[in-house]
$ cat upload38.cif   # mmCIF, C-alpha atoms
data_start
#
loop_
_atom_site.label_atom_id
_atom_site.label_comp_id
_atom_site.auth_asym_id
_atom_site.auth_seq_id
_atom_site.Cartn_x
_atom_site.Cartn_y
_atom_site.Cartn_z
CA MET A 1 5.07 -17.02 21.11
CA TYR A 2 1.97 -17.81 19.05
CA PRO A 3 -1.68 -17.15 19.89
CA THR A 4 -3.93 -20.11 20.61
CA HIS A 5 -7.69 -19.67 20.15
CA GLN A 6 -7.42 -16.13 21.54
CA TRP A 7 -4.58 -13.63 21.33
CA GLU A 8 -2.58 -13.18 24.49
CA LEU A 9 -2.19 -9.56 25.65
CA LEU A 10 1.15 -7.92 26.44
CA ASP A 11 1.19 -5.01 28.87
CA PRO A 12 2.73 -2.06 26.96
CA SER A 13 4.53 -0.58 29.96
CA THR A 14 6.04 -3.94 30.88
CA ALA A 15 7.30 -4.30 27.30
CA GLY A 16 8.85 -0.82 27.38
CA TRP A 17 6.28 0.96 25.22
CA SER A 18 5.15 4.54 25.75
CA ALA A 19 1.50 4.50 26.84
CA ASP A 20 1.20 8.21 26.01
CA LEU A 21 2.35 7.78 22.40
CA LEU A 22 0.15 4.71 21.96
CA ASP A 23 -2.77 6.81 23.11
CA LYS A 24 -1.82 9.52 20.62
CA ALA A 25 -1.68 6.89 17.87
CA ARG A 26 -5.13 5.65 18.87
CA ILE A 27 -6.61 9.17 18.78
CA TYR A 28 -4.87 9.96 15.49
CA SER A 29 -6.17 6.86 13.72
CA ALA A 30 -9.70 7.38 15.04
CA THR A 31 -9.66 10.98 13.80
CA SER A 32 -8.31 9.86 10.41
CA GLY A 33 -11.09 7.31 9.96
CA SER A 34 -9.40 3.97 10.64
CA SER A 35 -11.76 1.07 11.36
CA ALA A 36 -9.27 -1.13 13.19
CA VAL A 37 -5.63 -1.17 14.25
CA MET A 38 -3.82 -4.12 15.81
CA ILE A 39 -0.22 -4.15 17.05
CA VAL A 40 1.49 -7.46 17.78
CA HIS A 41 4.89 -7.52 19.52
CA HIS A 42 6.73 -10.78 20.24
CA GLY A 43 3.59 -12.70 19.23
CA ARG A 44 1.29 -10.90 21.71
CA VAL A 45 -1.11 -8.00 21.31
CA VAL A 46 0.43 -4.87 22.76
CA ALA A 47 -2.45 -2.64 21.63
CA GLU A 48 -5.61 -2.81 19.55
CA TRP A 49 -8.56 -0.57 18.85
CA GLY A 50 -11.59 -0.47 16.60
CA ASP A 51 -13.48 -3.49 15.28
CA THR A 52 -10.54 -5.89 15.15
CA HIS A 53 -12.94 -8.88 15.08
CA ARG A 54 -15.06 -7.63 12.18
CA ARG A 55 -14.51 -9.05 8.70
CA LEU A 56 -13.75 -6.32 6.14
CA ASP A 57 -12.89 -6.46 2.46
CA VAL A 58 -9.10 -6.38 2.42
CA ALA A 59 -8.93 -5.44 -1.29
CA SER A 60 -5.50 -6.09 -2.81
CA VAL A 61 -4.14 -7.65 0.37
CA ARG A 62 -5.75 -10.69 -1.33
CA LYS A 63 -2.70 -10.86 -3.60
CA SER A 64 -0.27 -11.45 -0.74
CA LEU A 65 -2.60 -14.16 0.58
CA LEU A 66 -2.55 -15.86 -2.83
CA SER A 67 1.23 -15.53 -2.91
CA ALA A 68 1.42 -17.74 0.17
CA LEU A 69 -0.69 -20.41 -1.55
CA PHE A 70 1.62 -20.29 -4.56
CA GLY A 71 4.60 -20.86 -2.29
CA ILE A 72 3.00 -24.08 -1.08
CA ALA A 73 2.02 -25.17 -4.62
CA ILE A 74 5.54 -24.54 -5.93
CA GLU A 75 7.05 -26.49 -3.04
CA GLU A 76 4.73 -29.40 -3.88
CA GLY A 77 5.80 -29.36 -7.53
CA ARG A 78 2.37 -28.37 -8.88
CA VAL A 79 3.73 -25.37 -10.80
CA LYS A 80 7.00 -23.54 -11.48
CA LEU A 81 7.76 -19.83 -11.60
CA SER A 82 9.21 -20.35 -15.09
CA ASP A 83 6.01 -21.91 -16.48
CA THR A 84 4.60 -19.82 -19.33
CA LEU A 85 0.94 -19.12 -19.99
CA ALA A 86 1.26 -21.27 -23.12
CA GLN A 87 2.51 -24.21 -21.04
CA LEU A 88 -0.23 -23.64 -18.48
CA GLY A 89 -2.98 -23.36 -21.11
CA ILE A 90 -4.03 -19.85 -20.04
CA ASN A 91 -5.74 -17.51 -22.50
CA ASP A 92 -8.60 -15.01 -22.37
CA LYS A 93 -11.67 -13.77 -24.20
CA GLN A 94 -11.40 -11.90 -27.48
CA PRO A 95 -9.20 -10.19 -28.26
CA SER A 96 -7.32 -13.25 -27.02
CA LEU A 97 -3.65 -13.33 -26.08
CA THR A 98 -0.96 -13.05 -28.74
CA SER A 99 1.84 -15.58 -29.11
CA SER A 100 4.19 -13.07 -27.46
CA GLU A 101 1.87 -12.53 -24.51
CA MET A 102 1.55 -16.29 -24.06
CA GLN A 103 5.27 -16.36 -23.24
CA ALA A 104 4.71 -14.47 -20.00
CA THR A 105 5.67 -16.63 -17.02
CA LEU A 106 4.06 -17.15 -13.65
CA ALA A 107 6.90 -15.08 -12.18
CA ASP A 108 5.97 -12.23 -14.53
CA LEU A 109 2.38 -12.32 -13.29
CA LEU A 110 3.34 -12.46 -9.61
CA THR A 111 5.60 -9.42 -10.06
CA SER A 112 3.05 -7.58 -12.25
CA ARG A 113 5.31 -7.55 -15.30
CA SER A 114 3.43 -9.75 -17.77
CA GLY A 115 3.07 -7.06 -20.44
CA ILE A 116 -0.52 -8.26 -20.98
CA TYR A 117 -2.93 -5.35 -21.00
CA HIS A 118 -6.18 -7.17 -21.65
CA ALA A 119 -9.34 -5.55 -20.28
CA ILE A 120 -10.75 -6.78 -16.97
CA ASP A 121 -14.18 -6.59 -15.39
CA LEU A 122 -15.33 -3.73 -13.19
CA GLU A 123 -12.24 -1.63 -13.89
CA PRO A 124 -12.90 2.09 -13.26
CA PRO A 125 -12.67 4.12 -16.52
CA ALA A 126 -9.89 6.31 -15.08
CA VAL A 127 -7.79 3.23 -14.31
CA ALA A 128 -8.52 1.64 -17.69
CA ALA A 129 -7.37 4.84 -19.40
CA GLN A 130 -3.94 4.49 -17.79
CA ARG A 131 -3.43 0.93 -18.99
CA PRO A 132 -0.65 0.71 -21.63
CA PRO A 133 -1.66 -0.35 -25.17
CA ARG A 134 -1.62 -4.07 -25.97
CA GLY A 135 1.81 -5.15 -27.21
CA SER A 136 3.61 -2.05 -25.92
CA HIS A 137 5.85 -4.06 -23.56
CA ALA A 138 7.28 -7.56 -23.78
CA PRO A 139 6.73 -9.99 -20.86
CA GLY A 140 9.06 -9.29 -17.95
CA GLU A 141 10.12 -5.91 -19.34
CA PHE A 142 7.94 -3.34 -17.57
CA TRP A 143 6.20 -3.02 -14.20
CA TYR A 144 2.58 -1.93 -14.29
CA TYR A 145 0.16 -2.55 -11.43
CA ASN A 146 -2.01 -4.86 -13.45
CA ASN A 147 -5.09 -6.59 -12.06
CA TRP A 148 -5.20 -8.79 -15.15
CA ASP A 149 -1.96 -10.37 -13.92
CA PHE A 150 -3.34 -10.93 -10.43
CA ASN A 151 -6.68 -12.30 -11.61
CA ALA A 152 -5.00 -14.63 -14.12
CA ALA A 153 -2.68 -15.80 -11.33
CA GLY A 154 -5.81 -16.76 -9.41
CA SER A 155 -7.01 -18.83 -12.38
CA ILE A 156 -3.63 -20.54 -12.61
CA TYR A 157 -3.66 -21.42 -8.92
CA GLU A 158 -7.12 -22.95 -9.10
CA LYS A 159 -6.13 -24.94 -12.17
CA VAL A 160 -2.95 -26.42 -10.70
CA ALA A 161 -4.36 -26.91 -7.18
CA GLY A 162 -7.65 -28.41 -8.33
CA THR A 163 -9.70 -26.32 -5.89
CA ASN A 164 -10.86 -22.75 -5.44
CA ILE A 165 -8.70 -20.15 -3.74
CA PHE A 166 -10.96 -19.69 -0.72
CA THR A 167 -11.22 -23.36 0.17
CA ALA A 168 -7.48 -23.77 -0.29
CA PHE A 169 -6.74 -20.75 1.90
CA LYS A 170 -9.04 -22.08 4.63
CA GLN A 171 -7.57 -25.59 4.59
CA ARG A 172 -3.90 -24.79 3.95
CA ILE A 173 -3.52 -21.61 6.02
CA ALA A 174 -6.52 -20.17 7.93
CA ASP A 175 -7.43 -23.34 9.84
CA ARG A 176 -3.83 -24.23 10.54
CA ILE A 177 -2.96 -20.90 12.15
CA GLY A 178 -6.26 -20.66 14.01
CA MET A 179 -7.91 -17.70 12.30
CA GLN A 180 -10.84 -16.82 14.53
CA ASP A 181 -13.17 -15.13 12.06
CA PHE A 182 -12.43 -16.60 8.61
CA SER A 183 -15.55 -17.67 6.70
CA LEU A 184 -15.94 -19.06 3.20
CA GLU A 185 -19.29 -17.26 2.99
CA ALA A 186 -17.49 -13.91 3.38
CA CYS A 187 -15.38 -14.55 0.26
CA TYR A 188 -16.60 -13.70 -3.22
CA TYR A 189 -15.78 -13.75 -6.94
CA GLY A 190 -16.17 -10.96 -9.46
CA GLU A 191 -17.78 -10.91 -12.90
CA THR A 192 -16.47 -12.54 -16.08
CA LYS A 193 -18.04 -10.38 -18.77
CA VAL A 194 -14.88 -9.17 -20.51
CA SER A 195 -12.28 -11.55 -19.04
CA ILE A 196 -12.49 -15.18 -17.95
CA HIS A 197 -10.11 -14.38 -15.10
CA ARG A 198 -12.17 -13.18 -12.19
CA HIS A 199 -11.51 -11.05 -9.17
CA TYR A 200 -11.25 -13.10 -5.95
CA GLY A 201 -12.23 -11.08 -2.90
CA LEU A 202 -11.64 -11.93 0.75
CA ARG A 203 -13.07 -10.37 3.88
CA LEU A 204 -10.84 -10.81 6.91
CA SER A 205 -10.72 -9.37 10.40
CA ALA A 206 -7.75 -7.34 11.58
CA ARG A 207 -6.94 -9.96 14.19
CA ASP A 208 -6.87 -12.70 11.54
CA LEU A 209 -4.69 -10.57 9.27
CA ALA A 210 -2.35 -10.19 12.24
CA ARG A 211 -2.09 -14.00 12.46
CA PHE A 212 -1.13 -14.11 8.79
CA GLY A 213 1.45 -11.38 9.40
CA LEU A 214 2.87 -13.32 12.34
CA LEU A 215 3.11 -16.41 10.13
CA TYR A 216 5.30 -14.44 7.71
CA LEU A 217 7.24 -12.82 10.54
CA ARG A 218 8.12 -16.39 11.61
CA ASP A 219 9.23 -17.36 8.07
CA GLY A 220 6.04 -19.34 7.39
CA ARG A 221 6.22 -21.41 10.58
CA TRP A 222 3.42 -21.80 13.12
CA ASN A 223 4.46 -23.55 16.32
CA ASP A 224 6.02 -26.82 15.09
CA GLN A 225 4.49 -26.73 11.58
CA GLN A 226 6.01 -25.21 8.44
CA ILE A 227 2.86 -23.81 6.81
CA VAL A 228 4.46 -21.78 4.00
CA PRO A 229 7.97 -22.74 2.82
CA ALA A 230 10.54 -20.52 4.54
CA ASN A 231 12.50 -19.95 1.33
CA TRP A 232 9.30 -18.76 -0.39
CA VAL A 233 8.54 -16.30 2.41
CA GLN A 234 12.04 -14.86 2.17
CA ASP A 235 12.08 -14.75 -1.63
CA SER A 236 8.58 -13.40 -2.12
CA VAL A 237 9.03 -10.30 0.04
CA LYS A 238 12.26 -9.20 -1.65
CA PRO A 239 11.86 -6.32 -4.11
CA ARG A 240 12.03 -7.69 -7.65
CA ALA A 241 10.53 -4.80 -9.56
CA LYS A 242 10.69 -1.03 -9.21
CA PRO A 243 7.26 0.54 -9.73
CA HIS A 244 7.06 3.17 -12.47
CA ASN A 245 4.12 4.99 -10.97
CA GLU A 246 3.82 8.19 -8.94
CA ILE A 247 1.41 6.51 -6.51
CA PHE A 248 4.05 3.91 -5.62
CA ALA A 249 7.19 6.04 -5.91
CA GLY A 250 10.11 4.78 -3.84
CA ARG A 251 8.62 1.32 -3.27
CA GLY A 252 9.63 -2.16 -4.35
CA TYR A 253 7.47 -5.09 -5.46
CA GLY A 254 8.17 -8.78 -4.91
CA TYR A 255 5.91 -11.76 -5.51
CA MET A 256 2.75 -9.81 -4.62
CA TRP A 257 4.36 -8.23 -1.54
CA TRP A 258 5.55 -4.63 -1.11
CA SER A 259 8.72 -3.21 0.41
CA GLY A 260 9.86 0.35 1.02
CA PHE A 261 7.50 3.05 2.17
CA ALA A 262 8.31 6.38 0.63
CA SER A 263 6.42 9.42 -0.52
CA ASP A 264 7.39 11.64 -3.42
CA TRP A 265 5.76 14.57 -1.62
CA ALA A 266 6.90 14.60 1.99
CA PRO A 267 8.76 12.49 4.56
CA THR A 268 6.54 10.99 7.25
CA VAL A 269 8.38 7.90 8.49
CA THR A 270 11.44 5.77 7.71
CA LEU A 271 10.49 2.17 8.31
CA PRO A 272 13.14 -0.20 9.70
CA GLU A 273 15.23 -2.03 7.12
CA GLY A 274 13.71 -5.34 6.06
CA THR A 275 10.10 -4.23 6.58
CA PHE A 276 7.60 -5.63 4.08
CA TYR A 277 3.86 -5.32 3.78
CA ALA A 278 0.61 -6.25 2.07
CA LEU A 279 -1.39 -3.32 0.71
CA GLY A 280 -4.99 -2.93 -0.39
CA PHE A 281 -7.01 -0.04 -1.80
CA GLY A 282 -8.58 2.12 0.89
CA SER A 283 -5.54 1.83 3.20
CA GLN A 284 -5.74 -1.85 4.10
CA TYR A 285 -2.21 -2.48 5.44
CA LEU A 286 -0.41 -5.43 6.97
CA PHE A 287 3.11 -4.40 8.01
CA VAL A 288 5.69 -7.01 9.04
CA ILE A 289 8.78 -5.59 10.75
CA PRO A 290 11.25 -8.42 11.45
CA ALA A 291 13.92 -6.11 12.91
CA HIS A 292 11.66 -5.43 15.91
CA ASP A 293 9.47 -8.56 15.95
CA LEU A 294 6.41 -6.47 15.08
CA VAL A 295 3.21 -6.90 13.09
CA ILE A 296 0.92 -3.90 12.55
CA VAL A 297 -2.50 -4.09 10.87
CA HIS A 298 -4.61 -1.16 9.69
CA THR A 299 -8.02 -1.52 8.05
CA VAL A 300 -10.79 0.75 6.79
CA ASP A 301 -14.38 -0.34 6.20
CA MET A 302 -14.98 0.43 2.51
CA GLU A 303 -18.43 -1.13 2.45
CA ARG A 304 -20.01 1.81 4.24
CA GLU A 305 -22.01 4.23 2.12
CA ARG A 306 -19.40 6.89 2.84
CA TRP A 307 -15.95 5.89 4.03
CA PRO A 308 -12.91 8.06 4.79
CA TRP A 309 -9.85 8.13 2.58
CA VAL A 310 -6.86 7.55 4.86
CA SER A 311 -3.91 8.79 2.83
CA ASP A 312 -0.41 7.33 2.75
CA PRO A 313 0.99 10.39 4.58
CA GLN A 314 -1.54 9.67 7.31
CA ILE A 315 -0.47 6.01 7.41
CA GLY A 316 3.13 7.20 7.62
CA ARG A 317 2.26 9.49 10.52
CA LEU A 318 0.41 6.70 12.31
CA MET A 319 3.37 4.36 11.85
CA TRP A 320 5.71 7.05 13.20
CA LEU A 321 3.58 7.34 16.34
CA ILE A 322 3.39 3.57 16.83
CA LEU A 323 7.10 3.00 16.25
CA SER A 324 7.94 5.95 18.50
CA ALA A 325 5.76 4.36 21.17
CA ALA A 326 7.83 1.18 20.71
CA ARG A 327 10.97 3.31 21.11
CA VAL A 328 12.26 2.27 17.68
CA GLY A 329 15.08 4.51 16.53
CA GLY A 330 16.01 5.77 13.06
CA ILE A 331 12.44 6.39 11.91
CA GLY A 332 12.95 10.08 11.14
CA PRO A 333 11.95 13.27 12.96
CA ASP A 334 8.52 14.30 14.10
CA THR A 335 7.02 15.90 10.99
CA SER A 336 3.75 17.05 12.56
CA VAL A 337 2.63 20.66 12.42
CA ALA A 338 2.70 20.65 16.22
CA ALA A 339 6.49 20.18 16.08
CA ALA A 340 6.96 22.96 13.51
CA VAL A 341 7.51 26.68 13.97
CA LEU A 342 5.09 28.56 11.72
CA PRO A 343 6.24 32.05 10.65
CA SER A 344 4.04 35.11 10.44
CA GLY A 345 2.37 35.87 7.14
CA GLU A 346 4.79 38.71 6.48
CA VAL A 347 7.85 36.51 7.02
CA LEU A 348 6.33 33.68 4.98
CA ASN A 349 5.57 35.99 2.07
CA ALA A 350 9.09 37.41 2.11
CA SER A 351 10.61 33.91 2.24
CA LEU A 352 8.66 32.63 -0.79
CA SER A 353 8.37 35.62 -3.09
CA GLY A 354 10.50 35.37 -6.21
CA LYS A 355 11.64 31.84 -5.35
CA THR A 356 11.11 28.38 -6.86
CA LEU A 357 9.94 25.51 -4.64
CA ARG A 358 11.53 22.25 -5.76
CA TYR A 359 9.91 19.01 -4.54
CA ALA A 360 8.71 15.50 -5.53
CA GLU A 361 12.23 14.29 -6.28
CA ALA A 362 11.14 10.62 -6.30
CA ALA A 363 8.17 11.11 -8.61
CA PRO A 364 8.48 9.38 -12.02
CA ASP A 365 7.98 12.75 -13.72
CA GLY A 366 9.87 14.70 -11.03
CA PRO A 367 11.35 16.78 -9.73
CA TYR A 368 8.64 19.44 -9.67
CA PHE A 369 9.38 23.17 -9.79
CA MET A 370 6.76 25.61 -8.46
CA ARG A 371 7.77 29.13 -9.45
CA LEU A 372 6.40 31.80 -7.11
CA ALA A 373 6.85 35.15 -8.88
CA SER A 374 6.92 38.35 -6.87
CA ASP A 375 3.85 39.61 -8.78
CA GLY A 376 1.73 36.75 -7.38
CA THR A 377 1.70 34.56 -10.48
CA ALA A 378 2.72 30.91 -10.21
CA SER A 379 3.65 28.08 -12.55
CA LEU A 380 4.47 24.40 -12.17
CA GLN A 381 7.11 22.66 -14.26
CA LYS A 382 7.96 18.96 -14.17
CA GLY A 383 11.08 16.89 -14.82
CA SER A 384 14.66 17.84 -15.57
CA ALA A 385 13.45 19.38 -18.84
CA ARG A 386 11.05 21.50 -16.76
CA LYS A 387 8.03 20.90 -18.93
CA GLN A 388 5.26 23.39 -18.20
CA ALA A 389 2.28 21.74 -16.46
CA TYR A 390 0.13 24.47 -14.86
CA SER A 391 -0.05 28.20 -14.43
CA GLY A 392 -1.96 30.22 -11.87
CA LYS A 393 -1.39 32.36 -8.81
CA TRP A 394 -0.11 32.18 -5.24
CA TRP A 395 -0.62 34.21 -2.08
CA VAL A 396 -0.24 34.10 1.70
CA ASP A 397 -3.24 34.01 4.02
CA GLY A 398 -2.12 34.40 7.61
CA ALA A 399 0.43 31.64 8.26
CA LYS A 400 -0.84 29.66 5.25
CA PHE A 401 0.58 29.34 1.78
CA CYS A 402 -2.11 29.26 -0.92
CA ARG A 403 -2.01 28.49 -4.62
CA GLY A 404 -4.54 27.97 -7.38
CA TRP A 405 -4.10 26.67 -10.92
CA ASP A 406 -6.03 28.22 -13.80
CA LYS A 407 -6.83 24.75 -15.14
CA PHE A 408 -8.82 23.94 -12.01
CA HIS A 409 -10.40 27.36 -11.54
CA PRO A 410 -11.98 28.24 -9.17
CA ARG A 411 -10.31 25.55 -7.05
CA PHE A 412 -7.39 26.51 -4.80
CA ASP A 413 -5.63 25.05 -1.76
CA CYS A 414 -4.09 26.57 1.36
CA TRP A 415 -1.74 24.88 3.83
CA PRO A 416 -0.02 25.92 7.07
CA ALA A 417 3.62 26.44 6.07
CA ALA A 418 6.93 26.31 7.94
CA VAL A 419 10.24 27.62 6.59
CA SER A 420 13.57 26.45 7.99
CA GLY A 421 16.50 27.77 5.99
CA SER A 422 15.77 26.72 2.41
CA THR A 423 13.34 23.95 3.45
CA VAL A 424 9.61 24.54 3.15
CA SER A 425 7.06 22.20 4.75
CA LEU A 426 3.32 22.32 4.05
CA TYR A 427 0.81 20.63 6.37
CA GLY A 428 -2.50 19.04 5.45
CA ASP A 429 -5.32 17.55 7.46
CA TYR A 430 -4.88 15.58 10.67
CA ASP A 431 -1.58 17.17 11.73
CA THR A 432 0.21 15.55 8.79
CA MET A 433 2.91 16.97 6.54
CA PHE A 434 1.59 17.21 2.99
CA LEU A 435 4.64 18.40 1.08
CA GLN A 436 8.27 19.28 1.70
CA GLY A 437 10.68 20.92 -0.73
CA SER A 438 13.59 23.29 -1.03
CA LEU A 439 13.66 26.89 -2.14
CA GLU A 440 15.83 27.94 -5.08
CA THR A 441 16.57 31.44 -6.31
CA GLU A 442 16.64 31.81 -10.08
#
$ encode --input "upload38.cif" --output "structure tokens"
Amino acid sequence: MYPTHQWELLDPSTAGWSADLLDKARIYSATSGSSAVMIVHHGRVVAEWGDTHRRLDVASVRKSLLSALFGIAIEEGRVKLSDTLAQLGINDKQPSLTSSEMQATLADLLTSRSGIYHAIDLEPPAVAAQRPPRGSHAPGEFWYYNNWDFNAAGSIYEKVAGTNIFTAFKQRIADRIGMQDFSLEACYYGETKVSIHRHYGLRLSARDLARFGLLYLRDGRWNDQQIVPANWVQDSVKPRAKPHNEIFAGRGYGYMWWSGFASDWAPTVTLPEGTFYALGFGSQYLFVIPAHDLVIVHTVDMERERWPWVSDPQIGRLMWLILSAARVGGIGPDTSVAAAVLPSGEVLNASLSGKTLRYAEAAPDGPYFMRLASDGTASLQKGSARKQAYSGKWWVDGAKFCRGWDKFHPRFDCWPAAVSGSTVSLYGDYDTMFLQGSLETE
């Protein structure tokens, strides 16, 4: 089933979905600050809410869209994954690329492993400070989420295709799958003050993103047309690099597509095997779940003066509610505070005092060890070598665990806490688990 000009609706109850859990998902996402959510099952819309027709900046979802165009260009023989920047005639402003950097391939750029750490335009200072030094890694050696790679890939595409990205996307994909809201006027380029390779931004509606997700769910086929080569769809969504970054712990990266959805802090959902997704800053998500013939889109309007930060734990919770509504099994237990048993303050204090809370096992610098001394002092150590990170204090306030680090004085945080055996769970905003770890006695 494919949509024509309009999406066809699928009655949730007829399809075996839980209307109650769908309603809970709707309320949860609205409370969290989502702008639009769209759920497509068997090619029909089983549920949608928010401004699904409104074009929003999809941020780094743009990279997965460009990946599709590269699949077409590679199939047509315009470029090869093994082509180097030297062969493609790609360089940059001073300080220009070294001979070693020029050996990076298109495949290195699409997997964010070029080893080229040239400055880019409009990069926040905090992000720029995390960029590795030039020459610290050879091409193909190290994964770093590098917008230079993605912007340079855009330059390469335009060079080999002989047209701009937006026109190509409209002609080769958007028009052919019947995107209802796509507009060239809504697309934009960034500055070229420090790099010749510019940001390419797209604004898409949730319902158009869902069409793109359905295209990939169907291995690049739309009705009787092969829009994106099937082998490229299958190859591009496979994990080819393991991110070395605490923000992306437990995830995999393909040719500008993500796989795996894990948190180094707390479990929220276990997505079905084979799930892949496009991801953009500000919680722009396009999930494709082949095992259950599902596409799920989540967007947030970041062009408002003040927009909500929908965290990954919140996305995980939303996905748990949606997949539970679809009666998908194996997604993990309900990790909401509503499903937990919160102890009294006296019991909580007795359970934690003199213990060490171990958590963040998947973090690059993990595991973490939070020592909770019986005198109320606390310290945080990281890694197997247990390197000291912070010191401060801890206390119990009602059924909440609180801690504050001297470094951030007078800032402190408190969370509702549940203790089950040696497992401790802390809950943040919006009924969402924030952290889960195990207690150790030293």
$ resolve_selection --input "upload38.cif" --expression "the PyMOL selection byres ((chain A and resi 346) around 10)" --output "PDB file with C-alpha atoms, in the coordinates of the input"
ATOM      1  CA  PRO A 343       6.240  32.050  10.650  1.00  0.00           C
ATOM      2  CA  SER A 344       4.040  35.110  10.440  1.00  0.00           C
ATOM      3  CA  GLY A 345       2.370  35.870   7.140  1.00  0.00           C
ATOM      4  CA  VAL A 347       7.850  36.510   7.020  1.00  0.00           C
ATOM      5  CA  LEU A 348       6.330  33.680   4.980  1.00  0.00           C
ATOM      6  CA  ASN A 349       5.570  35.990   2.070  1.00  0.00           C
ATOM      7  CA  ALA A 350       9.090  37.410   2.110  1.00  0.00           C
ATOM      8  CA  SER A 351      10.610  33.910   2.240  1.00  0.00           C
ATOM      9  CA  VAL A 396      -0.240  34.100   1.700  1.00  0.00           C
ATOM     10  CA  ASP A 397      -3.240  34.010   4.020  1.00  0.00           C
ATOM     11  CA  GLY A 398      -2.120  34.400   7.610  1.00  0.00           C
ATOM     12  CA  ALA A 399       0.430  31.640   8.260  1.00  0.00           C
TER      13      ALA A 399
END
$ atom_distance --input "upload38.cif" --atom1 "atom CA of Thr98 of chain A" --atom2 "atom CA of Ser195 of chain A"
15.0 Å
$ resolve_selection --input "upload38.cif" --expression "the PyMOL selection byres ((chain A and resi 231-234) around 8)" --output "number ranges by chain"
A: 68, 71, 216, 219-220, 228-230, 235-238
$ closest_atom_pairs --input "upload38.cif" --of "segment 43-94 of chain A" --to "segment 310-333 of chain A" --cutoff "12 Å" --atoms "only C-alpha atoms" --output "tab-separated table"
residue	atom	partner	partner_atom	distance
A:Val46	CA	A:Ala326	CA	9.8
A:Ala47	CA	A:Ile322	CA	9.8
A:Glu48	CA	A:Ile322	CA	11.4
$ resolve_selection --input "upload38.cif" --expression "the PyMOL selection byres ((chain A and resi 105) around 6)" --output "number ranges by chain"
A: 82-84, 104, 106-108
$ atom_distance --input "upload38.cif" --atom1 "atom CA of Ala389 of chain A" --atom2 "atom CA of Gly366 of chain A"
11.7 Å
$ atom_distance --input "upload38.cif" --atom1 "atom CA of Val341 of chain A" --atom2 "atom CA of Ser18 of chain A"
25.2 Å
$ closest_residue --input "upload38.cif" --among "A:Ala36, A:Leu435, A:Leu88, A:Ala340" --to "Val160 of chain A" --atoms "all atoms listed in the file"
A:Leu88
$ closest_residue --input "upload38.cif" --among "A:Trp143, A:Tyr28, A:Trp265, A:Phe212" --to "Asp175 of chain A" --atoms "only C-alpha atoms"
A:Phe212
$ build_atoms --input "upload38.cif" --residues "segment 297-309 of chain A" --atoms "N, CA and C atoms" --output "PDB file, in the coordinates of the input"
ATOM      1  N   VAL A 297      -1.396  -3.998  11.829  1.00  0.00           N
ATOM      2  CA  VAL A 297      -2.500  -4.090  10.870  1.00  0.00           C
ATOM      3  C   VAL A 297      -3.333  -2.819  10.942  1.00  0.00           C
ATOM      4  N   HIS A 298      -3.716  -2.323   9.769  1.00  0.00           N
ATOM      5  CA  HIS A 298      -4.610  -1.160   9.690  1.00  0.00           C
ATOM      6  C   HIS A 298      -5.679  -1.450   8.643  1.00  0.00           C
ATOM      7  N   THR A 299      -6.949  -1.284   9.008  1.00  0.00           N
ATOM      8  CA  THR A 299      -8.020  -1.520   8.050  1.00  0.00           C
ATOM      9  C   THR A 299      -9.031  -0.372   8.069  1.00  0.00           C
ATOM     10  N   VAL A 300      -9.714  -0.231   6.938  1.00  0.00           N
ATOM     11  CA  VAL A 300     -10.790   0.750   6.790  1.00  0.00           C
ATOM     12  C   VAL A 300     -11.986   0.038   6.173  1.00  0.00           C
ATOM     13  N   ASP A 301     -13.162   0.283   6.712  1.00  0.00           N
ATOM     14  CA  ASP A 301     -14.380  -0.340   6.200  1.00  0.00           C
ATOM     15  C   ASP A 301     -14.833   0.400   4.949  1.00  0.00           C
ATOM     16  N   MET A 302     -14.613  -0.198   3.782  1.00  0.00           N
ATOM     17  CA  MET A 302     -14.980   0.430   2.510  1.00  0.00           C
ATOM     18  C   MET A 302     -16.397   0.074   2.069  1.00  0.00           C
ATOM     19  N   GLU A 303     -17.086  -0.728   2.845  1.00  0.00           N
ATOM     20  CA  GLU A 303     -18.430  -1.130   2.450  1.00  0.00           C
ATOM     21  C   GLU A 303     -19.503  -0.233   3.057  1.00  0.00           C
ATOM     22  N   ARG A 304     -19.078   0.794   3.784  1.00  0.00           N
ATOM     23  CA  ARG A 304     -20.010   1.810   4.240  1.00  0.00           C
ATOM     24  C   ARG A 304     -20.420   2.693   3.064  1.00  0.00           C
ATOM     25  N   GLU A 305     -21.552   3.351   3.202  1.00  0.00           N
ATOM     26  CA  GLU A 305     -22.010   4.230   2.120  1.00  0.00           C
ATOM     27  C   GLU A 305     -21.006   5.340   1.878  1.00  0.00           C
ATOM     28  N   ARG A 306     -20.460   5.878   2.949  1.00  0.00           N
ATOM     29  CA  ARG A 306     -19.400   6.890   2.840  1.00  0.00           C
ATOM     30  C   ARG A 306     -18.269   6.471   3.769  1.00  0.00           C
ATOM     31  N   TRP A 307     -17.088   6.305   3.209  1.00  0.00           N
ATOM     32  CA  TRP A 307     -15.950   5.890   4.030  1.00  0.00           C
ATOM     33  C   TRP A 307     -14.792   6.862   3.824  1.00  0.00           C
ATOM     34  N   PRO A 308     -13.990   7.060   4.852  1.00  0.00           N
ATOM     35  CA  PRO A 308     -12.910   8.060   4.790  1.00  0.00           C
ATOM     36  C   PRO A 308     -11.726   7.560   3.983  1.00  0.00           C
ATOM     37  N   TRP A 309     -11.085   8.462   3.282  1.00  0.00           N
ATOM     38  CA  TRP A 309      -9.850   8.130   2.580  1.00  0.00           C
ATOM     39  C   TRP A 309      -8.686   8.430   3.515  1.00  0.00           C
TER      40      TRP A 309
END
